[in-house]
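K.L.:
Sharing data_18.cif below, mmCIF, C-alpha atoms, pLDDT in the B column; chains and numbers go by the auth columns:
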```cif
data_entry
loop_
_atom_site.group_PDB
_atom_site.id
_atom_site.type_symbol
_atom_site.label_atom_id
_atom_site.label_comp_id
_atom_site.label_asym_id
_atom_site.label_seq_id
_atom_site.Cartn_x
_atom_site.Cartn_y
_atom_site.Cartn_z
_atom_site.B_iso_or_equiv
_atom_site.auth_seq_id
_atom_site.auth_asym_id
ATOM 1 C CA MET A 1 17.574 -1.748 7.001 52.00 1 A
ATOM 2 C CA SER A 2 20.305 -4.073 5.883 63.00 2 A
ATOM 3 C CA GLY A 3 19.392 -6.244 2.937 83.00 3 A
ATOM 4 C CA LEU A 4 16.248 -4.219 2.154 93.00 4 A
ATOM 5 C CA GLU A 5 15.409 -3.255 -1.418 96.00 5 A
ATOM 6 C CA LEU A 6 12.332 -1.336 -2.571 97.00 6 A
ATOM 7 C CA ARG A 7 11.095 -2.284 -6.006 97.00 7 A
ATOM 8 C CA HIS A 8 7.780 -2.600 -7.783 98.00 8 A
ATOM 9 C CA ALA A 9 6.298 -6.050 -8.220 97.00 9 A
ATOM 10 C CA ASP A 10 5.763 -5.941 -11.977 95.00 10 A
ATOM 11 C CA ARG A 11 6.449 -9.565 -12.891 97.00 11 A
ATOM 12 C CA ASP A 12 3.807 -12.220 -12.241 98.00 12 A
ATOM 13 C CA ALA A 13 6.239 -14.159 -10.028 98.00 13 A
ATOM 14 C CA ASP A 14 6.900 -11.087 -7.859 98.00 14 A
ATOM 15 C CA ILE A 15 3.190 -10.374 -7.400 98.00 15 A
ATOM 16 C CA GLU A 16 2.484 -14.001 -6.521 98.00 16 A
ATOM 17 C CA ALA A 17 5.458 -14.065 -4.117 97.00 17 A
ATOM 18 C CA SER A 18 3.841 -11.223 -2.181 97.00 18 A
ATOM 19 C CA PHE A 19 0.666 -13.254 -1.518 98.00 19 A
ATOM 20 C CA PRO A 20 1.544 -14.443 2.050 96.00 20 A
ATOM 21 C CA LEU A 21 2.343 -10.847 2.983 96.00 21 A
ATOM 22 C CA MET A 22 -0.776 -9.351 1.344 97.00 22 A
ATOM 23 C CA ARG A 23 -2.963 -12.035 2.893 96.00 23 A
ATOM 24 C CA GLN A 24 -2.084 -10.634 6.341 95.00 24 A
ATOM 25 C CA LEU A 25 -3.867 -7.440 5.308 93.00 25 A
ATOM 26 C CA ARG A 26 -6.452 -8.929 2.945 96.00 26 A
ATOM 27 C CA PRO A 27 -7.398 -12.340 4.408 95.00 27 A
ATOM 28 C CA HIS A 28 -10.280 -12.706 1.945 97.00 28 A
ATOM 29 C CA LEU A 29 -7.782 -13.361 -0.874 97.00 29 A
ATOM 30 C CA ALA A 30 -7.923 -17.076 -1.599 97.00 30 A
ATOM 31 C CA ASN A 31 -4.557 -17.651 -3.265 98.00 31 A
ATOM 32 C CA SER A 32 -1.705 -16.106 -5.228 98.00 32 A
ATOM 33 C CA SER A 33 -3.587 -16.523 -8.521 98.00 33 A
ATOM 34 C CA GLU A 34 -6.444 -14.388 -7.237 98.00 34 A
ATOM 35 C CA LEU A 35 -3.992 -11.737 -6.042 98.00 35 A
ATOM 36 C CA LEU A 36 -2.298 -11.724 -9.445 98.00 36 A
ATOM 37 C CA ALA A 37 -5.607 -11.383 -11.303 98.00 37 A
ATOM 38 C CA ARG A 38 -6.762 -8.531 -9.071 98.00 38 A
ATOM 39 C CA VAL A 39 -3.462 -6.654 -9.302 98.00 39 A
ATOM 40 C CA ARG A 40 -3.452 -6.996 -13.098 98.00 40 A
ATOM 41 C CA ARG A 41 -7.033 -5.616 -13.301 98.00 41 A
ATOM 42 C CA GLN A 42 -6.213 -2.747 -10.954 97.00 42 A
ATOM 43 C CA GLN A 43 -3.074 -1.890 -12.909 97.00 43 A
ATOM 44 C CA LYS A 44 -5.386 -0.751 -15.705 96.00 44 A
ATOM 45 C CA GLU A 45 -6.404 2.026 -13.273 94.00 45 A
ATOM 46 C CA SER A 46 -2.793 3.006 -12.397 95.00 46 A
ATOM 47 C CA TYR A 47 -2.367 0.641 -9.408 98.00 47 A
ATOM 48 C CA ARG A 48 1.243 -0.171 -8.524 98.00 48 A
ATOM 49 C CA LEU A 49 2.553 -2.599 -5.917 98.00 49 A
ATOM 50 C CA LEU A 50 5.759 -1.386 -4.281 98.00 50 A
ATOM 51 C CA VAL A 51 7.427 -4.167 -2.302 98.00 51 A
ATOM 52 C CA ALA A 52 10.166 -4.029 0.312 98.00 52 A
ATOM 53 C CA TRP A 53 12.284 -7.106 -0.395 97.00 53 A
ATOM 54 C CA ARG A 54 14.588 -8.476 2.289 94.00 54 A
ATOM 55 C CA ASP A 55 16.973 -11.127 1.020 91.00 55 A
ATOM 56 C CA GLY A 56 14.660 -11.746 -1.963 92.00 56 A
ATOM 57 C CA GLN A 57 11.495 -12.168 0.130 94.00 57 A
ATOM 58 C CA PRO A 58 8.647 -9.643 0.531 97.00 58 A
ATOM 59 C CA ALA A 59 8.831 -7.990 3.965 97.00 59 A
ATOM 60 C CA GLY A 60 6.390 -5.144 3.301 97.00 60 A
ATOM 61 C CA ALA A 61 4.264 -3.682 0.537 98.00 61 A
ATOM 62 C CA ALA A 62 2.388 -0.560 -0.448 98.00 62 A
ATOM 63 C CA GLY A 63 -0.260 -0.726 -3.140 98.00 63 A
ATOM 64 C CA TYR A 64 -1.093 2.714 -4.503 98.00 64 A
ATOM 65 C CA ARG A 65 -2.608 4.557 -7.442 97.00 65 A
ATOM 66 C CA PHE A 66 -2.545 8.051 -8.865 97.00 66 A
ATOM 67 C CA GLN A 67 -5.977 9.670 -9.025 96.00 67 A
ATOM 68 C CA GLU A 68 -7.704 12.991 -9.488 95.00 68 A
ATOM 69 C CA ASN A 69 -10.985 14.300 -8.155 94.00 69 A
ATOM 70 C CA LEU A 70 -12.671 17.645 -7.576 95.00 70 A
ATOM 71 C CA ILE A 71 -12.047 17.778 -3.816 91.00 71 A
ATOM 72 C CA ARG A 72 -8.288 17.043 -3.791 91.00 72 A
ATOM 73 C CA GLY A 73 -7.154 17.540 -7.352 94.00 73 A
ATOM 74 C CA ARG A 74 -4.288 15.186 -8.208 95.00 74 A
ATOM 75 C CA PHE A 75 -3.419 12.811 -5.370 96.00 75 A
ATOM 76 C CA VAL A 76 -1.933 9.425 -4.623 97.00 76 A
ATOM 77 C CA TYR A 77 -4.208 6.952 -2.856 96.00 77 A
ATOM 78 C CA VAL A 78 -2.600 4.182 -0.806 96.00 78 A
ATOM 79 C CA ASP A 79 -4.863 1.151 -1.123 96.00 79 A
ATOM 80 C CA ASP A 80 -2.695 -1.266 0.822 96.00 80 A
ATOM 81 C CA LEU A 81 0.092 -0.930 3.368 96.00 81 A
ATOM 82 C CA VAL A 82 1.344 -4.032 5.113 96.00 82 A
ATOM 83 C CA VAL A 83 4.522 -5.193 6.831 96.00 83 A
ATOM 84 C CA LEU A 84 5.229 -8.761 7.903 94.00 84 A
ATOM 85 C CA GLU A 85 4.352 -9.181 11.545 89.00 85 A
ATOM 86 C CA GLY A 86 7.943 -10.025 12.477 88.00 86 A
ATOM 87 C CA GLU A 87 9.241 -6.946 10.618 88.00 87 A
ATOM 88 C CA ARG A 88 6.889 -4.370 12.154 89.00 88 A
ATOM 89 C CA ARG A 89 8.507 -1.491 14.030 87.00 89 A
ATOM 90 C CA SER A 90 11.579 -1.812 11.834 90.00 90 A
ATOM 91 C CA GLY A 91 10.828 1.292 9.746 92.00 91 A
ATOM 92 C CA ILE A 92 9.670 -0.567 6.632 96.00 92 A
ATOM 93 C CA GLY A 93 6.193 0.994 6.651 95.00 93 A
ATOM 94 C CA ALA A 94 7.618 4.520 6.852 94.00 94 A
ATOM 95 C CA LYS A 95 10.162 3.721 4.149 97.00 95 A
ATOM 96 C CA LEU A 96 7.373 2.495 1.845 98.00 96 A
ATOM 97 C CA LEU A 97 5.229 5.582 2.473 96.00 97 A
ATOM 98 C CA ASP A 98 8.253 7.842 1.991 96.00 98 A
ATOM 99 C CA GLU A 99 8.901 6.271 -1.402 98.00 99 A
ATOM 100 C CA VAL A 100 5.252 6.467 -2.513 98.00 100 A
ATOM 101 C CA ALA A 101 5.196 10.136 -1.440 96.00 101 A
ATOM 102 C CA ARG A 102 8.415 10.809 -3.361 98.00 102 A
ATOM 103 C CA LEU A 103 7.076 9.140 -6.511 98.00 103 A
ATOM 104 C CA ALA A 104 3.842 11.118 -6.273 97.00 104 A
ATOM 105 C CA LYS A 105 5.582 14.420 -5.655 97.00 105 A
ATOM 106 C CA ASP A 106 7.995 13.821 -8.553 97.00 106 A
ATOM 107 C CA ALA A 107 4.967 13.145 -10.804 97.00 107 A
ATOM 108 C CA GLY A 108 3.312 16.423 -9.764 96.00 108 A
ATOM 109 C CA TYR A 109 0.789 15.084 -7.275 96.00 109 A
ATOM 110 C CA GLY A 110 0.255 17.214 -4.185 92.00 110 A
ATOM 111 C CA TRP A 111 -1.602 14.990 -1.723 94.00 111 A
ATOM 112 C CA LEU A 112 -1.353 11.493 -0.230 95.00 112 A
ATOM 113 C CA THR A 113 -4.383 9.823 1.287 93.00 113 A
ATOM 114 C CA LEU A 114 -5.382 6.436 2.656 90.00 114 A
ATOM 115 C CA ASP A 115 -8.196 4.852 4.623 85.00 115 A
ATOM 116 C CA THR A 116 -7.887 2.724 7.730 83.00 116 A
ATOM 117 C CA ALA A 117 -10.385 0.912 9.913 80.00 117 A
ATOM 118 C CA LEU A 118 -11.762 2.823 12.888 79.00 118 A
ATOM 119 C CA ASP A 119 -10.574 0.046 15.203 83.00 119 A
ATOM 120 C CA ASN A 120 -7.015 0.004 13.794 81.00 120 A
ATOM 121 C CA ALA A 121 -5.497 1.942 16.713 78.00 121 A
ATOM 122 C CA LEU A 122 -1.920 0.785 16.073 83.00 122 A
ATOM 123 C CA GLY A 123 -2.137 1.729 12.412 84.00 123 A
ATOM 124 C CA GLN A 124 -3.616 5.103 13.281 80.00 124 A
ATOM 125 C CA ARG A 125 -0.770 5.799 15.717 85.00 125 A
ATOM 126 C CA PHE A 126 1.722 4.971 12.973 78.00 126 A
ATOM 127 C CA TYR A 127 -0.072 7.249 10.468 79.00 127 A
ATOM 128 C CA PHE A 128 -0.117 10.142 12.939 79.00 128 A
ATOM 129 C CA ARG A 129 3.627 9.666 13.600 84.00 129 A
ATOM 130 C CA TRP A 130 4.244 9.658 9.850 88.00 130 A
ATOM 131 C CA GLY A 131 2.418 13.013 9.618 83.00 131 A
ATOM 132 C CA LEU A 132 -0.985 11.987 8.302 82.00 132 A
ATOM 133 C CA LEU A 133 -4.022 13.658 9.833 84.00 133 A
ATOM 134 C CA SER A 134 -7.665 12.610 9.898 86.00 134 A
ATOM 135 C CA THR A 135 -9.354 14.742 7.251 84.00 135 A
ATOM 136 C CA ALA A 136 -12.586 12.862 6.564 83.00 136 A
ATOM 137 C CA LEU A 137 -14.821 10.043 7.657 78.00 137 A
ATOM 138 C CA HIS A 138 -15.210 7.374 4.990 80.00 138 A
ATOM 139 C CA PHE A 139 -18.688 5.912 4.441 82.00 139 A
ATOM 140 C CA GLY A 140 -19.550 2.791 2.499 84.00 140 A
ATOM 141 C CA LYS A 141 -22.459 0.512 1.668 89.00 141 A
ATOM 142 C CA PRO A 142 -22.516 -2.821 -0.122 87.00 142 A
ATOM 143 C CA LEU A 143 -24.502 -2.694 -3.357 92.00 143 A
ATOM 144 C CA LYS A 144 -26.516 -5.876 -3.671 91.00 144 A
#
```
Could you show the structure in this file as structure tokens?
P.N.:
Amino acid sequence: MSGLELRHADRDADIEASFPLMRQLRPHLANSSELLARVRRQQKESYRLLVAWRDGQPAGAAGYRFQENLIRGRFVYVDDLVVLEGERRSGIGAKLLDEVARLAKDAGYGWLTLDTALDNALGQRFYFRWGLLSTALHFGKPLK
């Protein structure tokens, strides 16, 4: 992991610099300005964007937030986890999840959860290897 630094994207320039990376996961994002606006709105609900920087460029990112509900109590929810295609299988994804888990545990949160698409077989294999288990089936419906 030479040249890799984990740090939160708190400055506008850092968030915007992560746009090409985040667009791999969220192709509906139009541009870096939209990403910045969305991140800033979500930050009001505890969202943080942890970025793995290699030589000053984003190589991976984990967007997460601390939450609480009646079923889990206090937990960290990973909204986004993405690694540049050319950097996959290098351990960056695990390093990002390890750091999010550490931050959550240090803050007194006892559970980490995330959602993934049913057809994301490679992602699911990675999550199982990292120690995550399927605990629910997520349902959704657009409200029009």
K.L.:
Kindly indicate which residue among A:Ala121, A:Leu4, A:Val78, A:Leu36 lies nearest to Gly91 of chain A, using only C-alpha atoms for the distances.
P.N.:
A:Leu4
K.L.:
Out of A:Arg41, A:His8, A:Arg26, A:Lys105, which residue has the shortest atom-to-atom distance to Arg74 of chain A when counting all atoms listed in the file?
P.N.:
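Of A:Arg41, A:His8, A:Arg26, A:Lys105, the one nearest Arg74 of chain A is A:Lys105, counting all atoms listed in the file.
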K.L.:
Mind listing as a PyMOL selection string all residues within 9 Å of (7.6, -4.6, -4.4), counting all atoms listed in the file?
P.N.:
chain A and resi 5-10+14-15+18+48-53+58+60-63
K.L.:
Hey, what comes out of the PyMOL selection byres ((chain A and resi 101) around 12) on this file? Could you write it as a PyMOL selection string?
P.N.:
chain A and resi 50+62+64-66+75-78+94-100+102-114+130-132
K.L.:
Any idea what the distance is between atom CA of Gln24 of chain A and atom CA of Glu87 of chain A?
P.N.:
12.7 Å
K.L.:
Which residue out of A:Gln67, A:Asp119, A:Ser33, A:Val83 has the minimum interatomic distance to Ser46 of chain A when only C-alpha atoms are used?
P.N.:
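Checking each candidate against Ser46 of chain A, we get A:Gln67 as the closest.
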K.L.:
Tell me which of A:Glu16, A:Leu35, A:Arg89, A:Gln42 sits closest to Leu122 of chain A, counting all atoms listed in the file.
P.N.:
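Answer, going by the shortest atom-to-atom distance: A:Arg89.
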